[in-house]
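Trainee: Provided below: my_file_36.pdb, containing PDB, C-alpha atoms, pLDDT in the B column.
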```pdb
ATOM      1  CA  MET F 542      -7.349 -48.040  14.847  1.00 72.00           C
ATOM      2  CA  LYS F 543      -8.973 -45.063  16.535  1.00 73.00           C
ATOM      3  CA  LYS F 544      -5.608 -43.984  17.935  1.00 78.00           C
ATOM      4  CA  VAL F 545      -4.050 -44.039  14.466  1.00 73.00           C
ATOM      5  CA  ILE F 546      -6.857 -41.943  12.949  1.00 76.00           C
ATOM      6  CA  PHE F 547      -6.777 -39.523  15.876  1.00 69.00           C
ATOM      7  CA  SER F 548      -2.987 -39.122  15.662  1.00 73.00           C
ATOM      8  CA  MET F 549      -3.186 -38.551  11.880  1.00 70.00           C
ATOM      9  CA  ALA F 550      -5.862 -35.889  12.359  1.00 70.00           C
ATOM     10  CA  LEU F 551      -3.775 -34.226  15.046  1.00 72.00           C
ATOM     11  CA  LEU F 552      -0.722 -34.293  12.783  1.00 71.00           C
ATOM     12  CA  LEU F 553      -2.669 -32.712   9.895  1.00 72.00           C
ATOM     13  CA  LEU F 554      -4.013 -30.015  12.207  1.00 72.00           C
ATOM     14  CA  ALA F 555      -0.518 -29.156  13.439  1.00 72.00           C
ATOM     15  CA  ALA F 556       0.834 -29.061   9.862  1.00 68.00           C
ATOM     16  CA  SER F 557      -1.918 -26.708   8.696  1.00 66.00           C
ATOM     17  CA  GLY F 558      -1.189 -24.384  11.636  1.00 66.00           C
ATOM     18  CA  GLN F 559       2.489 -24.278  10.706  1.00 63.00           C
ATOM     19  CA  ALA F 560       1.603 -23.528   7.076  1.00 57.00           C
ATOM     20  CA  ALA F 561      -0.569 -20.600   8.180  1.00 55.00           C
ATOM     21  CA  MET F 562       2.238 -19.241  10.368  1.00 58.00           C
ATOM     22  CA  ALA F 563       4.723 -19.577   7.508  1.00 54.00           C
ATOM     23  CA  GLN F 564       2.347 -17.739   5.184  1.00 57.00           C
ATOM     24  CA  ARG F 565       1.907 -14.922   7.724  1.00 58.00           C
ATOM     25  CA  ASN F 566       5.688 -14.647   8.164  1.00 60.00           C
ATOM     26  CA  ASP F 567       6.144 -14.645   4.386  1.00 77.00           C
ATOM     27  CA  ARG F 568       3.654 -11.765   4.070  1.00 75.00           C
ATOM     28  CA  GLY F 569       5.673  -9.741   6.591  1.00 79.00           C
ATOM     29  CA  ALA F 570       8.925 -10.477   4.760  1.00 87.00           C
ATOM     30  CA  ARG F 571       7.380  -9.384   1.450  1.00 90.00           C
ATOM     31  CA  ALA F 572       6.196  -6.131   3.040  1.00 86.00           C
ATOM     32  CA  GLU F 573       9.708  -5.446   4.336  1.00 88.00           C
ATOM     33  CA  GLN F 574      11.180  -6.149   0.896  1.00 92.00           C
ATOM     34  CA  ARG F 575       8.638  -3.806  -0.708  1.00 93.00           C
ATOM     35  CA  VAL F 576       9.546  -1.007   1.711  1.00 90.00           C
ATOM     36  CA  GLU F 577      13.251  -1.646   1.027  1.00 91.00           C
ATOM     37  CA  ARG F 578      12.663  -1.373  -2.741  1.00 92.00           C
ATOM     38  CA  GLN F 579      10.636   1.818  -2.282  1.00 90.00           C
ATOM     39  CA  ALA F 580      13.395   3.339  -0.168  1.00 90.00           C
ATOM     40  CA  GLU F 581      16.060   2.405  -2.723  1.00 90.00           C
ATOM     41  CA  SER F 582      13.964   3.800  -5.560  1.00 90.00           C
ATOM     42  CA  LEU F 583      13.300   7.060  -3.743  1.00 90.00           C
ATOM     43  CA  ALA F 584      16.982   7.396  -2.816  1.00 91.00           C
ATOM     44  CA  LYS F 585      17.913   6.920  -6.464  1.00 90.00           C
ATOM     45  CA  SER F 586      15.376   9.502  -7.660  1.00 89.00           C
ATOM     46  CA  MET F 587      16.700  11.938  -5.041  1.00 89.00           C
ATOM     47  CA  ASP F 588      20.281  11.408  -6.338  1.00 89.00           C
ATOM     48  CA  LEU F 589      21.529  10.220  -2.933  1.00 88.00           C
ATOM     49  CA  ASP F 590      24.709   8.242  -2.550  1.00 84.00           C
ATOM     50  CA  GLY F 591      26.909   6.834   0.176  1.00 89.00           C
ATOM     51  CA  GLU F 592      26.121   8.001   3.690  1.00 92.00           C
ATOM     52  CA  GLN F 593      23.051  10.022   2.640  1.00 92.00           C
ATOM     53  CA  LYS F 594      21.514   6.970   0.983  1.00 92.00           C
ATOM     54  CA  THR F 595      22.158   4.790   4.041  1.00 92.00           C
ATOM     55  CA  THR F 596      20.649   7.422   6.345  1.00 94.00           C
ATOM     56  CA  PHE F 597      17.623   7.870   4.099  1.00 93.00           C
ATOM     57  CA  VAL F 598      16.919   4.153   3.669  1.00 92.00           C
ATOM     58  CA  SER F 599      17.103   3.388   7.401  1.00 93.00           C
ATOM     59  CA  LEU F 600      14.971   6.416   8.348  1.00 94.00           C
ATOM     60  CA  TYR F 601      12.421   5.640   5.602  1.00 93.00           C
ATOM     61  CA  LYS F 602      12.081   2.019   6.734  1.00 93.00           C
ATOM     62  CA  GLU F 603      11.588   3.157  10.336  1.00 93.00           C
ATOM     63  CA  TYR F 604       8.982   5.700   9.158  1.00 93.00           C
ATOM     64  CA  GLN F 605       7.031   3.133   7.136  1.00 92.00           C
ATOM     65  CA  ASP F 606       7.106   0.547   9.947  1.00 92.00           C
ATOM     66  CA  THR F 607       5.811   3.091  12.473  1.00 91.00           C
ATOM     67  CA  LEU F 608       3.162   4.309  10.047  1.00 90.00           C
ATOM     68  CA  ARG F 609       2.006   0.743   9.380  1.00 89.00           C
ATOM     69  CA  ALA F 610       1.808   0.046  13.132  1.00 88.00           C
ATOM     70  CA  VAL F 611      -0.367   3.139  13.750  1.00 85.00           C
ATOM     71  CA  ARG F 612      -2.679   2.213  10.901  1.00 81.00           C
ATOM     72  CA  ARG F 613      -2.877  -1.432  12.018  1.00 81.00           C
ATOM     73  CA  ASP F 614      -3.723  -0.460  15.616  1.00 75.00           C
ATOM     74  CA  ALA F 615      -6.576   1.747  14.419  1.00 68.00           C
ATOM     75  CA  PHE F 616      -7.881  -0.783  11.872  1.00 64.00           C
ATOM     76  CA  GLN F 617     -11.567  -1.601  12.020  1.00 65.00           C
ATOM     77  CA  PRO F 618     -12.908  -4.547  10.061  1.00 64.00           C
ATOM     78  CA  LYS F 619     -15.246  -3.626   7.232  1.00 66.00           C
ATOM     79  CA  ARG F 620     -18.906  -4.292   7.638  1.00 62.00           C
ATOM     80  CA  ASP F 621     -21.311  -5.611   5.053  1.00 60.00           C
ATOM     81  CA  LYS F 622     -22.695  -2.941   2.743  1.00 63.00           C
ATOM     82  CA  ASP F 623     -26.244  -3.929   3.614  1.00 60.00           C
ATOM     83  CA  GLU F 624     -25.690  -3.720   7.373  1.00 74.00           C
ATOM     84  CA  LYS F 625     -27.332  -0.675   8.895  1.00 83.00           C
ATOM     85  CA  LEU F 626     -25.476   1.311  11.542  1.00 81.00           C
ATOM     86  CA  SER F 627     -27.191   3.051  14.380  1.00 87.00           C
ATOM     87  CA  GLU F 628     -26.571   6.781  14.698  1.00 91.00           C
ATOM     88  CA  GLU F 629     -24.251   6.206  17.651  1.00 91.00           C
ATOM     89  CA  GLU F 630     -22.215   3.565  15.813  1.00 87.00           C
ATOM     90  CA  ALA F 631     -21.929   5.770  12.746  1.00 86.00           C
ATOM     91  CA  GLU F 632     -20.844   8.723  14.896  1.00 91.00           C
ATOM     92  CA  GLN F 633     -18.220   6.585  16.657  1.00 89.00           C
ATOM     93  CA  ARG F 634     -16.816   5.300  13.361  1.00 86.00           C
ATOM     94  CA  ILE F 635     -16.577   8.809  11.915  1.00 89.00           C
ATOM     95  CA  LEU F 636     -14.853  10.204  15.020  1.00 91.00           C
ATOM     96  CA  ALA F 637     -12.491   7.203  15.148  1.00 88.00           C
ATOM     97  CA  SER F 638     -11.603   7.848  11.514  1.00 87.00           C
ATOM     98  CA  PHE F 639     -10.809  11.490  12.293  1.00 92.00           C
ATOM     99  CA  GLU F 640      -8.684  10.418  15.265  1.00 91.00           C
ATOM    100  CA  ARG F 641      -6.783   7.882  13.152  1.00 89.00           C
ATOM    101  CA  GLU F 642      -6.104  10.479  10.453  1.00 91.00           C
ATOM    102  CA  ALA F 643      -4.879  12.941  13.101  1.00 93.00           C
ATOM    103  CA  LYS F 644      -2.465  10.330  14.508  1.00 92.00           C
ATOM    104  CA  VAL F 645      -1.141   9.547  11.038  1.00 91.00           C
ATOM    105  CA  ASN F 646      -0.758  13.249  10.241  1.00 93.00           C
ATOM    106  CA  ALA F 647       1.105  13.890  13.522  1.00 94.00           C
ATOM    107  CA  LEU F 648       3.409  10.967  12.773  1.00 94.00           C
ATOM    108  CA  LYS F 649       4.131  12.297   9.288  1.00 94.00           C
ATOM    109  CA  GLN F 650       4.997  15.723  10.705  1.00 95.00           C
ATOM    110  CA  GLU F 651       7.270  14.148  13.318  1.00 95.00           C
ATOM    111  CA  TYR F 652       9.148  12.149  10.704  1.00 95.00           C
ATOM    112  CA  TYR F 653       9.297  15.116   8.353  1.00 95.00           C
ATOM    113  CA  LYS F 654      11.315  16.927  11.049  1.00 95.00           C
ATOM    114  CA  LYS F 655      13.637  13.920  11.341  1.00 95.00           C
ATOM    115  CA  PHE F 656      14.125  13.733   7.575  1.00 93.00           C
ATOM    116  CA  ARG F 657      14.517  17.522   7.322  1.00 94.00           C
ATOM    117  CA  ALA F 658      17.547  17.385   9.634  1.00 94.00           C
ATOM    118  CA  HIS F 659      19.402  15.483   6.873  1.00 93.00           C
ATOM    119  CA  PHE F 660      17.733  16.405   3.583  1.00 93.00           C
ATOM    120  CA  LYS F 661      16.346  19.396   1.689  1.00 91.00           C
ATOM    121  CA  ALA F 662      12.587  19.927   1.403  1.00 91.00           C
ATOM    122  CA  SER F 663      12.835  19.705  -2.382  1.00 89.00           C
ATOM    123  CA  GLN F 664      14.178  16.164  -1.970  1.00 89.00           C
ATOM    124  CA  LEU F 665      11.470  15.151   0.497  1.00 90.00           C
ATOM    125  CA  VAL F 666       8.498  16.173  -1.621  1.00 90.00           C
ATOM    126  CA  ARG F 667       8.354  12.696  -3.160  1.00 87.00           C
ATOM    127  CA  VAL F 668       8.173  11.109   0.299  1.00 89.00           C
ATOM    128  CA  PHE F 669       5.462  13.275   1.860  1.00 89.00           C
ATOM    129  CA  VAL F 670       3.374  14.633  -1.038  1.00 87.00           C
ATOM    130  CA  HIS F 671       1.437  12.035  -2.975  1.00 77.00           C
ATOM    131  CA  GLU F 672       0.090  13.402  -6.217  1.00 66.00           C
ATOM    132  CA  PHE F 673      -2.201  11.091  -8.065  1.00 64.00           C
ATOM    133  CA  PRO F 674      -2.040  11.054 -11.864  1.00 63.00           C
ATOM    134  CA  ALA F 675      -5.026  12.293 -13.845  1.00 62.00           C
ATOM    135  CA  PRO F 676      -7.275   9.502 -15.101  1.00 65.00           C
ATOM    136  CA  GLN F 677      -6.449   8.303 -18.583  1.00 63.00           C
ATOM    137  CA  ARG F 678      -8.907   9.327 -21.259  1.00 62.00           C
ATOM    138  CA  ARG F 679     -10.179   6.667 -23.582  1.00 60.00           C
ATOM    139  CA  MET F 680     -10.302   7.243 -27.288  1.00 56.00           C
ATOM    140  CA  PRO F 681     -13.842   7.909 -28.518  1.00 56.00           C
ATOM    141  CA  SER F 682     -15.672   5.270 -30.496  1.00 54.00           C
ATOM    142  CA  GLY F 683     -14.586   5.202 -34.088  1.00 52.00           C
ATOM    143  CA  GLY F 684     -10.907   5.595 -33.267  1.00 51.00           C
ATOM    144  CA  PRO F 685      -8.314   2.977 -34.125  1.00 53.00           C
ATOM    145  CA  GLY F 686      -8.941  -0.250 -32.297  1.00 53.00           C
ATOM    146  CA  PHE F 687     -12.561   0.558 -31.503  1.00 53.00           C
ATOM    147  CA  GLY F 688     -14.192  -0.848 -34.596  1.00 55.00           C
ATOM    148  CA  GLY F 689     -14.250   2.435 -36.498  1.00 54.00           C
ATOM    149  CA  GLN F 690     -13.319   3.106 -40.070  1.00 58.00           C
ATOM    150  CA  MET F 691     -10.111   1.706 -41.446  1.00 56.00           C
ATOM    151  CA  PRO F 692      -7.277   4.147 -42.150  1.00 58.00           C
ATOM    152  CA  GLY F 693      -7.303   5.263 -45.762  1.00 58.00           C
ATOM    153  CA  GLY F 694     -10.851   6.489 -46.003  1.00 58.00           C
ATOM    154  CA  PRO F 695     -14.288   4.994 -46.230  1.00 57.00           C
ATOM    155  CA  GLY F 696     -13.519   2.769 -49.208  1.00 57.00           C
ATOM    156  CA  ALA F 697     -10.311   1.268 -47.832  1.00 55.00           C
ATOM    157  CA  ARG F 698     -10.171  -2.473 -47.884  1.00 59.00           C
ATOM    158  CA  GLY F 699      -8.515  -4.462 -45.170  1.00 58.00           C
ATOM    159  CA  GLY F 700      -8.180  -8.057 -44.233  1.00 59.00           C
ATOM    160  CA  PHE F 701      -5.794 -10.799 -45.170  1.00 63.00           C
ATOM    161  CA  GLY F 702      -5.742 -10.508 -48.938  1.00 59.00           C
ATOM    162  CA  GLY F 703      -7.738 -11.973 -51.770  1.00 58.00           C
ATOM    163  CA  GLY F 704     -11.018 -10.751 -53.154  1.00 58.00           C
ATOM    164  CA  TRP F 705      -9.647  -7.876 -55.253  1.00 56.00           C
TER
END
```
Using structure tokens, write down the structure that the file contains.

Mentor:
Amino acid sequence: MKKVIFSMALLLLAASGQAAMAQRNDRGARAEQRVERQAESLAKSMDLDGEQKTTFVSLYKEYQDTLRAVRRDAFQPKRDKDEKLSEEEAEQRILASFEREAKVNALKQEYYKKFRAHFKASQLVRVFVHEFPAPQRRMPSGGPGFGGQMPGGPGARGGFGGGW
């Protein structure tokens, strides 16, 4: 009986390990698909076709993979917000952050030169310059949808009919 229970537990442990590996592999495949879609979208917005599109997509995928590898190698796990750092630890984290940013910046410049051999700078702006949209402004209280007055003036009646 003990052998049966032990073998079942061992089987469940092996199955859970395979599920975790499959999930990790699936995450990598999804990341590759996302990069592929980004490359296709950028190529379309740059009006590339044929050989230019093929060159761009392959170079962009290589660029993103290399960029991800540099960022992953320099990754430091986050600490709890309440955890206090010593001055030395804080200094090391700040300097490591600067070093990581310098590596990423050097990589971007290297790949910009590779892209520039095939494409115009005006086409590459969307790849290397990330402009963030301005935050959306909310309508002030009293506007439509915020519980303010009904359209038609202060005496306007709304609702679902009746009561006239």

Trainee: Using all atoms listed in the file, which protein or nucleic acid residues come within 8 Å of region 633-645 of chain F? Drop anything in the same chain fewer than 3 positions from it, and give the result as a ChimeraX atom specification.

Mentor: /F:608,611-612,615,629-630,648-649

Trainee: Can you give me, as a compact mmCIF listing (two decimals) with C-alpha atoms, in the coordinates of the input, the residues this file yields under the PyMOL selection byres ((chain F and resi 570-582) around 9)?

Mentor:
```txt
# COMPACT_ATOMS: atom_id res chain seq x y z
CA ARG F 565 1.91 -14.92 7.72
CA ASN F 566 5.69 -14.65 8.16
CA ASP F 567 6.14 -14.64 4.39
CA ARG F 568 3.65 -11.76 4.07
CA GLY F 569 5.67 -9.74 6.59
CA LEU F 583 13.30 7.06 -3.74
CA ALA F 584 16.98 7.40 -2.82
CA LYS F 585 17.91 6.92 -6.46
CA SER F 586 15.38 9.50 -7.66
CA MET F 587 16.70 11.94 -5.04
CA LYS F 594 21.51 6.97 0.98
CA PHE F 597 17.62 7.87 4.10
CA VAL F 598 16.92 4.15 3.67
CA SER F 599 17.10 3.39 7.40
CA TYR F 601 12.42 5.64 5.60
CA LYS F 602 12.08 2.02 6.73
CA GLN F 605 7.03 3.13 7.14
CA ASP F 606 7.11 0.55 9.95
```

Trainee: Mind pulling up the distance from CA of Arg609 (chain F) to CA of Tyr652 (chain F)?

Mentor: 13.5 Å
